[in-house]
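To be precise, the following lines are entry_9.cif, and they hold mmCIF, C-alpha atoms.
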```cif
data_my_file
#
loop_
_atom_site.group_PDB
_atom_site.id
_atom_site.type_symbol
_atom_site.label_atom_id
_atom_site.label_comp_id
_atom_site.auth_asym_id
_atom_site.auth_seq_id
_atom_site.Cartn_x
_atom_site.Cartn_y
_atom_site.Cartn_z
ATOM 1 C CA MET A 1 0.000 0.000 0.000
ATOM 2 C CA SER A 2 1.486 3.325 -1.061
ATOM 3 C CA GLU A 3 1.565 6.224 1.360
ATOM 4 C CA CYS A 4 1.523 9.980 0.790
ATOM 5 C CA ASN A 5 2.500 12.848 3.032
ATOM 6 C CA ASP A 6 -0.104 15.411 3.878
ATOM 7 C CA SER A 7 0.681 18.175 6.302
ATOM 8 C CA GLY A 8 -2.892 18.554 7.432
ATOM 9 C CA HIS A 9 -2.637 22.321 7.097
ATOM 10 C CA TYR A 10 -2.268 24.177 3.803
ATOM 11 C CA ASN A 11 0.780 22.844 1.999
ATOM 12 C CA TYR A 12 0.288 19.445 0.437
ATOM 13 C CA ASN A 13 2.453 17.013 -1.479
ATOM 14 C CA ILE A 14 -0.033 14.614 -2.989
ATOM 15 C CA SER A 15 0.229 11.984 -5.699
ATOM 16 C CA ASN A 16 -2.811 10.712 -7.555
ATOM 17 C CA ASN A 17 -1.596 7.127 -7.038
ATOM 18 C CA CYS A 18 -1.827 7.291 -3.247
ATOM 19 C CA THR A 19 -4.085 4.887 -1.400
ATOM 20 C CA GLN A 20 -3.269 6.126 2.088
ATOM 21 C CA TYR A 21 -2.252 9.493 3.498
ATOM 22 C CA ALA A 22 0.174 10.194 6.327
ATOM 23 C CA TYR A 23 -0.722 13.482 8.022
ATOM 24 C CA GLU A 24 1.891 15.651 9.678
ATOM 25 C CA ASN A 25 -0.716 16.639 12.273
ATOM 26 C CA PRO A 26 -3.139 13.746 12.934
ATOM 27 C CA ASN A 27 -5.376 16.050 14.996
ATOM 28 C CA SER A 28 -5.921 18.634 12.256
ATOM 29 C CA PHE A 29 -9.276 19.248 10.599
ATOM 30 C CA VAL A 30 -7.997 17.709 7.353
ATOM 31 C CA ALA A 31 -6.683 14.595 9.081
ATOM 32 C CA GLU A 32 -9.728 13.935 11.265
ATOM 33 C CA PHE A 33 -12.093 14.098 8.306
ATOM 34 C CA GLN A 34 -9.654 12.304 5.962
ATOM 35 C CA LEU A 35 -9.543 15.079 3.383
ATOM 36 C CA GLY A 36 -6.157 14.195 1.943
ATOM 37 C CA GLY A 37 -6.322 14.594 -1.824
ATOM 38 C CA SER A 38 -9.767 16.261 -1.633
ATOM 39 C CA GLU A 39 -8.902 19.892 -2.183
ATOM 40 C CA TRP A 40 -12.505 20.756 -3.057
ATOM 41 C CA LYS A 41 -13.703 19.521 0.322
ATOM 42 C CA ARG A 42 -11.262 21.801 2.113
ATOM 43 C CA THR A 43 -12.342 24.854 0.163
ATOM 44 C CA LEU A 44 -16.017 23.905 0.441
ATOM 45 C CA VAL A 45 -15.959 24.999 4.090
ATOM 46 C CA GLY A 46 -15.328 28.606 3.122
ATOM 47 C CA THR A 47 -17.724 28.377 0.184
ATOM 48 C CA ALA A 48 -20.546 27.109 2.399
ATOM 49 C CA HIS A 49 -19.895 29.896 4.891
ATOM 50 C CA CYS A 50 -19.922 32.643 2.249
ATOM 51 C CA PHE A 51 -23.019 31.251 0.524
ATOM 52 C CA GLY A 52 -24.851 31.000 3.836
ATOM 53 C CA TYR A 53 -23.815 34.539 4.735
ATOM 54 C CA MET A 54 -25.125 35.804 1.399
ATOM 55 C CA LEU A 55 -28.513 34.167 1.866
ATOM 56 C CA GLY A 56 -28.594 35.298 5.479
ATOM 57 C CA LEU A 57 -28.363 38.927 4.383
ATOM 58 C CA LEU A 58 -31.741 38.503 2.699
ATOM 59 C CA VAL A 59 -33.246 37.315 5.986
ATOM 60 C CA VAL A 60 -31.478 39.093 8.829
ATOM 61 C CA GLY A 61 -31.981 42.594 7.429
ATOM 62 C CA PRO A 62 -35.779 42.351 7.065
ATOM 63 C CA LEU A 63 -36.008 40.685 10.489
ATOM 64 C CA SER A 64 -34.167 43.593 12.110
ATOM 65 C CA ASP A 65 -36.592 45.956 10.380
ATOM 66 C CA LYS A 66 -39.541 44.074 11.810
ATOM 67 C CA PHE A 67 -38.419 43.084 15.305
ATOM 68 C CA GLY A 68 -35.821 45.745 16.102
ATOM 69 C CA ARG A 69 -32.066 46.054 15.912
ATOM 70 C CA ARG A 70 -31.282 45.016 19.484
ATOM 71 C CA ASP A 71 -33.342 41.825 19.545
ATOM 72 C CA ILE A 72 -31.949 40.586 16.235
ATOM 73 C CA ILE A 73 -28.379 41.427 17.275
ATOM 74 C CA VAL A 74 -28.839 39.291 20.386
ATOM 75 C CA ALA A 75 -30.683 36.483 18.573
ATOM 76 C CA THR A 76 -28.176 36.144 15.739
ATOM 77 C CA ALA A 77 -25.247 36.226 18.161
ATOM 78 C CA ILE A 78 -26.780 33.438 20.239
ATOM 79 C CA PHE A 79 -27.402 31.340 17.123
ATOM 80 C CA CYS A 80 -23.800 31.992 16.073
ATOM 81 C CA GLY A 81 -22.522 30.731 19.414
ATOM 82 C CA ILE A 82 -24.759 27.653 19.426
ATOM 83 C CA PHE A 83 -23.944 26.500 15.900
ATOM 84 C CA GLY A 84 -20.282 27.428 16.320
ATOM 85 C CA LEU A 85 -20.016 25.211 19.372
ATOM 86 C CA ALA A 86 -21.954 22.478 17.588
ATOM 87 C CA LYS A 87 -19.302 22.482 14.850
ATOM 88 C CA SER A 88 -16.637 21.628 17.406
ATOM 89 C CA PHE A 89 -18.489 18.395 18.276
ATOM 90 C CA SER A 90 -19.305 17.357 14.699
ATOM 91 C CA PRO A 91 -18.236 13.752 14.028
ATOM 92 C CA TRP A 92 -18.917 13.966 10.277
ATOM 93 C CA TYR A 93 -17.657 16.257 7.578
ATOM 94 C CA TRP A 94 -21.019 16.907 5.917
ATOM 95 C CA LEU A 95 -22.626 17.715 9.247
ATOM 96 C CA TYR A 96 -19.861 20.245 9.783
ATOM 97 C CA ILE A 97 -20.587 21.788 6.385
ATOM 98 C CA ALA A 98 -24.300 22.011 7.217
ATOM 99 C CA LEU A 99 -23.542 23.684 10.554
ATOM 100 C CA GLU A 100 -21.094 26.076 8.873
ATOM 101 C CA PHE A 101 -23.765 27.108 6.379
ATOM 102 C CA THR A 102 -26.460 27.492 9.024
ATOM 103 C CA GLU A 103 -24.254 29.503 11.351
ATOM 104 C CA ALA A 104 -23.397 31.946 8.563
ATOM 105 C CA ALA A 105 -27.022 32.221 7.448
ATOM 106 C CA ILE A 106 -28.730 32.924 10.773
ATOM 107 C CA GLY A 107 -25.784 33.771 13.007
ATOM 108 C CA ASP A 108 -24.729 36.998 11.333
ATOM 109 C CA SER A 109 -24.921 39.737 13.950
ATOM 110 C CA CYS A 110 -22.668 42.067 11.946
ATOM 111 C CA SER A 111 -25.438 43.242 9.594
ATOM 112 C CA PRO A 112 -27.959 44.396 12.237
ATOM 113 C CA THR A 113 -25.086 45.797 14.320
ATOM 114 C CA TYR A 114 -23.876 47.887 11.397
ATOM 115 C CA ILE A 115 -27.392 49.253 10.844
ATOM 116 C CA PHE A 116 -27.749 49.895 14.574
ATOM 117 C CA VAL A 117 -24.451 51.808 14.738
ATOM 118 C CA THR A 118 -25.350 53.826 11.652
ATOM 119 C CA GLU A 119 -28.669 54.908 13.113
ATOM 120 C CA LEU A 120 -27.180 56.058 16.416
ATOM 121 C CA VAL A 121 -25.295 59.065 15.111
ATOM 122 C CA SER A 122 -26.003 62.033 12.881
ATOM 123 C CA ARG A 123 -24.906 62.112 9.267
ATOM 124 C CA ASN A 124 -22.095 64.594 10.014
ATOM 125 C CA HIS A 125 -20.373 62.228 12.459
ATOM 126 C CA ARG A 126 -21.386 58.900 10.923
ATOM 127 C CA ILE A 127 -18.190 58.198 8.965
ATOM 128 C CA ASN A 128 -15.794 58.711 11.877
ATOM 129 C CA PHE A 129 -18.010 56.846 14.328
ATOM 130 C CA ILE A 130 -18.382 53.804 12.075
ATOM 131 C CA LEU A 131 -14.635 53.703 11.425
ATOM 132 C CA ILE A 132 -13.956 53.841 15.167
ATOM 133 C CA CYS A 133 -16.332 50.923 15.676
ATOM 134 C CA THR A 134 -14.537 48.897 13.001
ATOM 135 C CA PHE A 135 -11.466 48.793 15.243
ATOM 136 C CA GLY A 136 -13.347 45.912 16.843
ATOM 137 C CA PHE A 137 -12.559 43.923 13.696
ATOM 138 C CA VAL A 138 -8.826 44.431 14.283
ATOM 139 C CA PHE A 139 -9.109 43.458 17.937
ATOM 140 C CA GLY A 140 -11.119 40.360 16.995
ATOM 141 C CA GLY A 141 -8.579 39.323 14.362
ATOM 142 C CA LEU A 142 -5.681 39.695 16.772
ATOM 143 C CA THR A 143 -7.583 37.746 19.427
ATOM 144 C CA LEU A 144 -8.259 34.977 16.912
ATOM 145 C CA ALA A 145 -4.581 34.758 15.958
ATOM 146 C CA LEU A 146 -3.524 34.601 19.611
ATOM 147 C CA SER A 147 -6.192 32.013 20.425
ATOM 148 C CA ALA A 148 -5.163 29.809 17.494
ATOM 149 C CA TRP A 149 -1.535 30.056 18.600
ATOM 150 C CA LEU A 150 -2.327 29.084 22.189
ATOM 151 C CA VAL A 151 -5.015 26.491 21.326
ATOM 152 C CA PRO A 152 -3.866 24.736 18.133
ATOM 153 C CA TYR A 153 -6.392 21.875 18.244
ATOM 154 C CA TRP A 154 -9.254 23.024 16.025
ATOM 155 C CA ARG A 155 -12.104 21.598 18.145
ATOM 156 C CA TYR A 156 -10.851 23.300 21.304
ATOM 157 C CA LEU A 157 -10.200 26.492 19.348
ATOM 158 C CA LEU A 158 -13.826 26.619 18.168
ATOM 159 C CA ARG A 159 -15.015 26.256 21.753
ATOM 160 C CA VAL A 160 -12.692 29.007 22.936
ATOM 161 C CA VAL A 161 -13.857 31.341 20.174
ATOM 162 C CA TYR A 162 -17.603 30.651 20.269
ATOM 163 C CA THR A 163 -18.325 30.186 23.966
ATOM 164 C CA PRO A 164 -17.963 33.909 24.845
ATOM 165 C CA VAL A 165 -20.490 34.726 22.110
ATOM 166 C CA LEU A 166 -23.235 33.253 24.302
ATOM 167 C CA LEU A 167 -22.687 36.183 26.671
ATOM 168 C CA PHE A 168 -24.387 38.352 24.051
ATOM 169 C CA VAL A 169 -27.645 37.469 25.786
ATOM 170 C CA ALA A 170 -26.691 40.181 28.292
ATOM 171 C CA TYR A 171 -26.934 42.733 25.480
ATOM 172 C CA LYS A 172 -30.690 42.406 25.783
ATOM 173 C CA PHE A 173 -30.350 44.357 29.027
ATOM 174 C CA ILE A 174 -27.318 46.497 28.127
ATOM 175 C CA LEU A 175 -28.081 47.762 24.636
ATOM 176 C CA ILE A 176 -30.749 50.330 23.929
ATOM 177 C CA GLU A 177 -33.033 50.052 20.958
ATOM 178 C CA SER A 178 -32.401 52.301 17.988
ATOM 179 C CA PRO A 179 -34.450 55.502 18.485
ATOM 180 C CA ARG A 180 -34.713 55.872 14.733
ATOM 181 C CA TRP A 181 -36.216 52.373 14.466
ATOM 182 C CA LEU A 182 -38.708 53.209 17.217
ATOM 183 C CA PHE A 183 -39.767 56.387 15.407
ATOM 184 C CA ASN A 184 -40.113 54.602 12.082
ATOM 185 C CA ASN A 185 -42.288 51.919 13.655
ATOM 186 C CA GLY A 186 -44.738 54.309 15.288
ATOM 187 C CA ARG A 187 -43.368 53.990 18.825
ATOM 188 C CA LYS A 188 -42.779 57.705 19.254
ATOM 189 C CA GLN A 189 -43.190 57.940 23.030
ATOM 190 C CA GLU A 190 -40.675 55.138 23.610
ATOM 191 C CA ALA A 191 -38.212 56.878 21.317
ATOM 192 C CA ILE A 192 -38.676 60.225 23.082
ATOM 193 C CA SER A 193 -38.244 58.625 26.486
ATOM 194 C CA LEU A 194 -35.065 56.933 25.287
ATOM 195 C CA LEU A 195 -33.647 60.174 23.864
ATOM 196 C CA GLU A 196 -34.358 61.942 27.153
ATOM 197 C CA LYS A 197 -32.434 59.261 29.045
ATOM 198 C CA ILE A 198 -29.523 59.573 26.624
ATOM 199 C CA ALA A 199 -29.515 63.355 27.008
ATOM 200 C CA LYS A 200 -29.549 63.043 30.790
ATOM 201 C CA LYS A 201 -26.624 60.620 30.884
ATOM 202 C CA THR A 202 -24.564 62.663 28.438
ATOM 203 C CA LYS A 203 -25.516 65.898 30.256
ATOM 204 C CA VAL A 204 -26.977 67.445 27.122
ATOM 205 C CA LYS A 205 -29.893 69.831 27.388
ATOM 206 C CA ILE A 206 -32.733 68.899 25.110
ATOM 207 C CA ASP A 207 -36.047 70.646 24.564
ATOM 208 C CA LYS A 208 -38.913 68.261 25.195
ATOM 209 C CA ASP A 209 -41.222 70.276 22.976
ATOM 210 C CA SER A 210 -38.840 69.829 20.054
ATOM 211 C CA LEU A 211 -38.910 66.088 20.628
ATOM 212 C CA GLU A 212 -42.695 66.099 20.499
ATOM 213 C CA MET A 213 -42.517 67.864 17.153
ATOM 214 C CA ILE A 214 -40.463 65.071 15.571
ATOM 215 C CA THR A 215 -42.468 63.487 12.792
ATOM 216 C CA PHE A 216 -42.160 60.132 11.112
ATOM 217 C CA GLU A 217 -43.710 58.420 8.169
ATOM 218 C CA ASP A 218 -46.378 55.855 8.771
ATOM 219 C CA PRO A 219 -44.733 52.432 8.754
ATOM 220 C CA LYS A 220 -45.299 50.607 5.517
ATOM 221 C CA GLU A 221 -44.731 46.972 4.842
ATOM 222 C CA VAL A 222 -41.607 46.554 2.756
ATOM 223 C CA VAL A 223 -41.849 43.713 0.258
ATOM 224 C CA PHE A 224 -38.405 42.500 -0.688
ATOM 225 C CA MET A 225 -39.415 41.198 -4.100
ATOM 226 C CA GLN A 226 -40.989 44.557 -4.893
ATOM 227 C CA ILE A 227 -37.714 46.277 -4.022
ATOM 228 C CA LEU A 228 -35.852 43.942 -6.384
ATOM 229 C CA LYS A 229 -38.414 44.572 -9.099
ATOM 230 C CA ASN A 230 -38.128 48.345 -8.736
ATOM 231 C CA THR A 231 -34.325 48.106 -8.709
ATOM 232 C CA PHE A 232 -34.103 46.227 -11.984
ATOM 233 C CA LYS A 233 -36.776 48.342 -13.661
ATOM 234 C CA SER A 234 -34.691 51.471 -13.155
ATOM 235 C CA LYS A 235 -31.743 51.832 -15.520
ATOM 236 C CA LEU A 236 -29.797 53.932 -13.007
ATOM 237 C CA LEU A 237 -30.425 51.610 -10.062
ATOM 238 C CA ARG A 238 -29.699 48.557 -12.203
ATOM 239 C CA ARG A 239 -26.329 49.955 -13.243
ATOM 240 C CA ARG A 240 -25.460 50.884 -9.652
ATOM 241 C CA PHE A 241 -26.509 47.448 -8.455
ATOM 242 C CA PHE A 242 -24.163 45.613 -10.798
ATOM 243 C CA VAL A 243 -21.308 48.048 -10.124
ATOM 244 C CA CYS A 244 -21.700 47.578 -6.357
ATOM 245 C CA LEU A 245 -22.042 43.810 -6.798
ATOM 246 C CA SER A 246 -18.847 43.635 -8.845
ATOM 247 C CA TRP A 247 -16.877 45.813 -6.439
ATOM 248 C CA TRP A 248 -18.115 43.987 -3.353
ATOM 249 C CA ILE A 249 -17.192 40.611 -4.850
ATOM 250 C CA THR A 250 -13.739 41.895 -5.809
ATOM 251 C CA SER A 251 -12.989 43.583 -2.492
ATOM 252 C CA THR A 252 -14.240 40.599 -0.486
ATOM 253 C CA PHE A 253 -12.237 38.168 -2.593
ATOM 254 C CA VAL A 254 -9.038 40.188 -2.206
ATOM 255 C CA ASN A 255 -9.512 41.010 1.483
ATOM 256 C CA TYR A 256 -10.311 37.488 2.656
ATOM 257 C CA GLY A 257 -7.867 35.980 0.174
ATOM 258 C CA LEU A 258 -4.964 38.006 1.533
ATOM 259 C CA ALA A 259 -5.904 37.267 5.144
ATOM 260 C CA ILE A 260 -6.366 33.527 4.634
ATOM 261 C CA ASN A 261 -3.271 33.048 2.494
ATOM 262 C CA SER A 262 -1.079 35.048 4.866
ATOM 263 C CA VAL A 263 -0.422 31.768 6.703
ATOM 264 C CA LEU A 264 1.417 30.531 3.602
ATOM 265 C CA LEU A 265 4.079 33.217 3.891
ATOM 266 C CA GLN A 266 7.480 32.511 5.390
ATOM 267 C CA GLY A 267 7.739 32.759 9.147
ATOM 268 C CA ASN A 268 5.232 32.231 11.922
ATOM 269 C CA LYS A 269 1.784 31.852 10.374
ATOM 270 C CA TYR A 270 0.016 33.295 13.428
ATOM 271 C CA LEU A 271 2.148 36.427 13.385
ATOM 272 C CA ASN A 272 1.694 36.734 9.627
ATOM 273 C CA TYR A 273 -2.076 36.704 10.045
ATOM 274 C CA ALA A 274 -1.851 39.212 12.891
ATOM 275 C CA PHE A 275 0.319 41.562 10.793
ATOM 276 C CA VAL A 276 -2.199 41.464 7.929
ATOM 277 C CA ILE A 277 -4.979 42.348 10.373
ATOM 278 C CA LEU A 278 -2.902 45.167 11.879
ATOM 279 C CA MET A 279 -2.597 46.732 8.425
ATOM 280 C CA GLU A 280 -6.273 47.606 8.763
ATOM 281 C CA ILE A 281 -5.404 50.326 11.295
ATOM 282 C CA PRO A 282 -3.508 52.725 8.989
ATOM 283 C CA GLY A 283 -6.123 51.898 6.371
ATOM 284 C CA TYR A 284 -8.876 53.185 8.656
ATOM 285 C CA PHE A 285 -7.089 56.506 9.189
ATOM 286 C CA ILE A 286 -6.473 56.930 5.473
ATOM 287 C CA LEU A 287 -10.094 56.019 4.769
ATOM 288 C CA ALA A 288 -11.373 58.522 7.332
ATOM 289 C CA TYR A 289 -9.312 61.314 5.764
ATOM 290 C CA VAL A 290 -10.403 60.452 2.219
ATOM 291 C CA LEU A 291 -14.108 60.078 3.008
ATOM 292 C CA ASN A 292 -14.193 63.321 4.965
ATOM 293 C CA ASN A 293 -12.370 65.389 2.347
ATOM 294 C CA PHE A 294 -13.157 63.893 -1.054
ATOM 295 C CA LYS A 295 -16.055 62.531 -3.029
ATOM 296 C CA ARG A 296 -16.557 58.815 -3.557
ATOM 297 C CA LYS A 297 -16.047 57.794 -7.187
ATOM 298 C CA LEU A 298 -12.410 58.779 -7.797
ATOM 299 C CA PRO A 299 -11.122 57.433 -4.436
ATOM 300 C CA LEU A 300 -12.851 54.114 -5.173
ATOM 301 C CA ILE A 301 -11.311 53.868 -8.625
ATOM 302 C CA PHE A 302 -7.887 54.892 -7.337
ATOM 303 C CA GLY A 303 -8.098 52.471 -4.388
ATOM 304 C CA PHE A 304 -9.012 49.492 -6.562
ATOM 305 C CA PHE A 305 -6.307 50.384 -9.078
ATOM 306 C CA ILE A 306 -3.562 50.581 -6.436
ATOM 307 C CA ALA A 307 -4.772 47.359 -4.779
ATOM 308 C CA GLY A 308 -4.673 45.592 -8.142
ATOM 309 C CA ILE A 309 -1.126 46.784 -8.851
ATOM 310 C CA LEU A 310 0.079 45.635 -5.422
ATOM 311 C CA CYS A 311 -1.573 42.217 -5.744
ATOM 312 C CA ILE A 312 -0.104 41.660 -9.210
ATOM 313 C CA SER A 313 3.375 42.648 -8.010
ATOM 314 C CA GLN A 314 3.471 40.153 -5.123
ATOM 315 C CA PRO A 315 4.574 37.090 -7.167
ATOM 316 C CA PHE A 316 7.615 39.058 -8.391
ATOM 317 C CA ILE A 317 8.893 39.840 -4.895
ATOM 318 C CA PRO A 318 11.920 37.589 -4.150
ATOM 319 C CA LEU A 319 11.847 35.273 -1.158
ATOM 320 C CA TYR A 320 13.625 36.342 2.009
ATOM 321 C CA GLY A 321 16.283 33.661 1.551
ATOM 322 C CA GLN A 322 17.082 34.925 -1.934
ATOM 323 C CA LEU A 323 17.793 38.402 -0.583
ATOM 324 C CA LEU A 324 20.543 37.159 1.743
#
```
Output the file's structure as structure tokens, nothing else.
Amino acid sequence: MSECNDSGHYNYNISNNCTQYAYENPNSFVAEFQLGGSEWKRTLVGTAHCFGYMLGLLVVGPLSDKFGRRDIIVATAIFCGIFGLAKSFSPWYWLYIALEFTEAAIGDSCSPTYIFVTELVSRNHRINFILICTFGFVFGGLTLALSAWLVPYWRYLLRVVYTPVLLFVAYKFILIESPRWLFNNGRKQEAISLLEKIAKKTKVKIDKDSLEMITFEDPKEVVFMQILKNTFKSKLLRRRFFVCLSWWITSTFVNYGLAINSVLLQGNKYLNYAFVILMEIPGYFILAYVLNNFKRKLPLIFGFFIAGILCISQPFIPLYGQLL
């Protein structure tokens, strides 16, 4: 019986004539599910997650419009923790894939959180506030790298990462509801009461009569299919839709691709991943300056062009050993 070496991580040396695989790390995800020689099964994990996340966007957004930002933030976070922990106990590969898909579909708390954060501040301060909040992404990425370094076994790592997410249930009592959502759903007195509490805590004087004068449109049922129909009927909206779709796909592909493949670089793979995440910080400051001082179209074009040049140039950079 022939035997092939398989590292169980990312670098593989596989022959098509192999009948048995020897894994460098027998406790890795690849080794436990016997994925040697099945490259498509390894990549299917990320594909299932992204596809589930895409479908989840069509569900989570409307749910947050109907039931409120806070409740959906808490609910999706709890689902994320439950299905994330369930993945760590999965004895079968296809069950893991199903849990990965489900977690991404109904465990996405980022979307309602982003809407919630956007609605909390005025338009003049929205850009800076959102960028400050995105520092949480950097902190989360660094925490993930450190956790993976300290807890290399993938099942234990999933439990370390997902268990704290269950604490999001406390957000039901910590977070306030979005005042804008309350106004838009006809709950004016609740919104006014909430704004008065905010003003009191921040020591800001607010005229109660001016709050009473705030108006809102009568809530109307939003039909998703009708929105899609109206979007594709309009030439302008249709063009913007496909431009945004193309740019989102490209930016997501490049961003996640660089982060994931950073572990293939020379040196410590955990530090490499952490360094890639840290590069977000200067990017946030540059982005804040550009968005506050320039329009949108030219910075977008320039940003994509520079990113493309840098990505294309990477294969031509000599290895560290060749420089010595």
On this file, the PyMOL selection byres ((chain A and resi 267-279) around 7) gives some set of residues; write that set as an MDAnalysis selection string.
chainID A and resid 138 141:142 145 149 259 262:266 280:283
Contacts of Val45 (chain A) at 8 Å or less, counting all atoms listed in the file, minus same-chain residues fewer than 4 places along, as an MDAnalysis selection string?
chainID A and resid 41 49 97 100
Which residue out of A:Glu39, A:Glu103, A:Glu32, A:Glu119 has the minimum interatomic distance to Leu85 (chain A) when all atoms listed in the file are used?
A:Glu103
Would you kindly return, as a list of chain:residue names, each protein, DNA or RNA residue with an atom no farther than 9 Å from any atom of Trp154 (chain A), considering all atoms listed in the file and excluding same-chain residues fewer than 5 positions away?
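The residues that qualify are A:Asn27, A:Ser28, A:Phe29, A:Ser88, A:Ala148, A:Arg159.
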Can you work out which one of A:Gln189, A:Ser178, A:Ser147, A:Ser122 has the shortest atom-to-atom distance to Arg70 (chain A), counting only C-alpha atoms?
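Between A:Gln189, A:Ser178, A:Ser147, A:Ser122, the residue approaching Arg70 (chain A) most closely is A:Ser178.
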Calculated over all atoms listed in the file, which of the candidates A:Asn255, A:Thr134, A:Asn184, A:Thr76 has the smallest distance to Val117 (chain A)?
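Distance minimum relative to Val117 (chain A) lands on A:Thr134.
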Could you tell me how far CA of Phe83 (chain A) lies from CA of Thr43 (chain A), in Å and to one decimal?
19.6 Å
Got a sec to resolve the PyMOL selection byres ((chain A and resi 158) around 10) on this structure and send the residues as a PyMOL selection string?
chain A and resi 81+84-89+147-148+151+153-157+159-163
Could you work out how far CA of Pro112 (chain A) lies from CA of Tyr256 (chain A), giving the answer in Å with one decimal?
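One can read the CA of Tyr256 (chain A) to CA of Pro112 (chain A) distance as 21.2 Å.
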Evaluating the PyMOL selection byres ((chain A and resi 296-306) around 12) on the displayed file yields which residues, as an MDAnalysis selection string?
chainID A and resid 240 243:244 246:248 250:252 254:255 283 286:295 307:313
From A:Tyr23, A:Phe135, A:Tyr93, A:Phe116, residue lying nearest Gly36 (chain A) [only C-alpha atoms]
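Of A:Tyr23, A:Phe135, A:Tyr93, A:Phe116, the one nearest Gly36 (chain A) is A:Tyr23, counting only C-alpha atoms.
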At a cut-off of 9 Å, can you tabulate as JSON lines every residue of region 175-206 of chain A near region 64-68 of chain A together with its closest atom pair and the distance in Å to one decimal, using all atoms listed in the file and ordering rows by chain then number?
```
{"residue": "A:Glu177", "atom": "CA", "partner": "A:Gly68", "partner_atom": "CA", "distance": 7.1}
{"residue": "A:Ser178", "atom": "CA", "partner": "A:Gly68", "partner_atom": "CA", "distance": 7.6}
{"residue": "A:Trp181", "atom": "CA", "partner": "A:Gly68", "partner_atom": "CA", "distance": 6.8}
{"residue": "A:Leu182", "atom": "CA", "partner": "A:Gly68", "partner_atom": "CA", "distance": 8.1}
{"residue": "A:Asn185", "atom": "CA", "partner": "A:Lys66", "partner_atom": "CA", "distance": 8.5}
```
I want to know what sits within 12 Å of Ser193 (chain A), based on only C-alpha atoms, with residues of the same chain fewer than 2 positions away left out; could you give that as a PDB file with C-alpha atoms, in the coordinates of the input?
```
ATOM      1  CA  ILE A 176     -30.749  50.330  23.929  1.00  0.00           C
ATOM      2  CA  GLU A 177     -33.033  50.052  20.958  1.00  0.00           C
ATOM      3  CA  PRO A 179     -34.450  55.502  18.485  1.00  0.00           C
ATOM      4  CA  LEU A 182     -38.708  53.209  17.217  1.00  0.00           C
ATOM      5  CA  PHE A 183     -39.767  56.387  15.407  1.00  0.00           C
ATOM      6  CA  ARG A 187     -43.368  53.990  18.825  1.00  0.00           C
ATOM      7  CA  LYS A 188     -42.779  57.705  19.254  1.00  0.00           C
ATOM      8  CA  GLN A 189     -43.190  57.940  23.030  1.00  0.00           C
ATOM      9  CA  GLU A 190     -40.675  55.138  23.610  1.00  0.00           C
ATOM     10  CA  ALA A 191     -38.212  56.878  21.317  1.00  0.00           C
ATOM     11  CA  LEU A 195     -33.647  60.174  23.864  1.00  0.00           C
ATOM     12  CA  GLU A 196     -34.358  61.942  27.153  1.00  0.00           C
ATOM     13  CA  LYS A 197     -32.434  59.261  29.045  1.00  0.00           C
ATOM     14  CA  ILE A 198     -29.523  59.573  26.624  1.00  0.00           C
ATOM     15  CA  ALA A 199     -29.515  63.355  27.008  1.00  0.00           C
ATOM     16  CA  LYS A 200     -29.549  63.043  30.790  1.00  0.00           C
ATOM     17  CA  ILE A 206     -32.733  68.899  25.110  1.00  0.00           C
ATOM     18  CA  LYS A 208     -38.913  68.261  25.195  1.00  0.00           C
ATOM     19  CA  LEU A 211     -38.910  66.088  20.628  1.00  0.00           C
ATOM     20  CA  GLU A 212     -42.695  66.099  20.499  1.00  0.00           C
TER      21      GLU A 212
END
```
From the set A:Lys235, A:Leu166, A:Ile130, A:Gln226, which residue has the shortest atom-to-atom contact distance to Phe285 (chain A), counting all atoms listed in the file?
A:Ile130
Rounded to one decimal place, report the CA of Ile73 (chain A)-CA of Pro164 (chain A) distance in Å.
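Result for CA of Ile73 (chain A) versus CA of Pro164 (chain A): 14.9 Å, one decimal.
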Nearest-residue call for Leu258 (chain A), choices A:Gln314, A:Ile106, A:Leu175, A:Val30, using only C-alpha atoms:
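Answer, going by the shortest atom-to-atom distance: A:Gln314.
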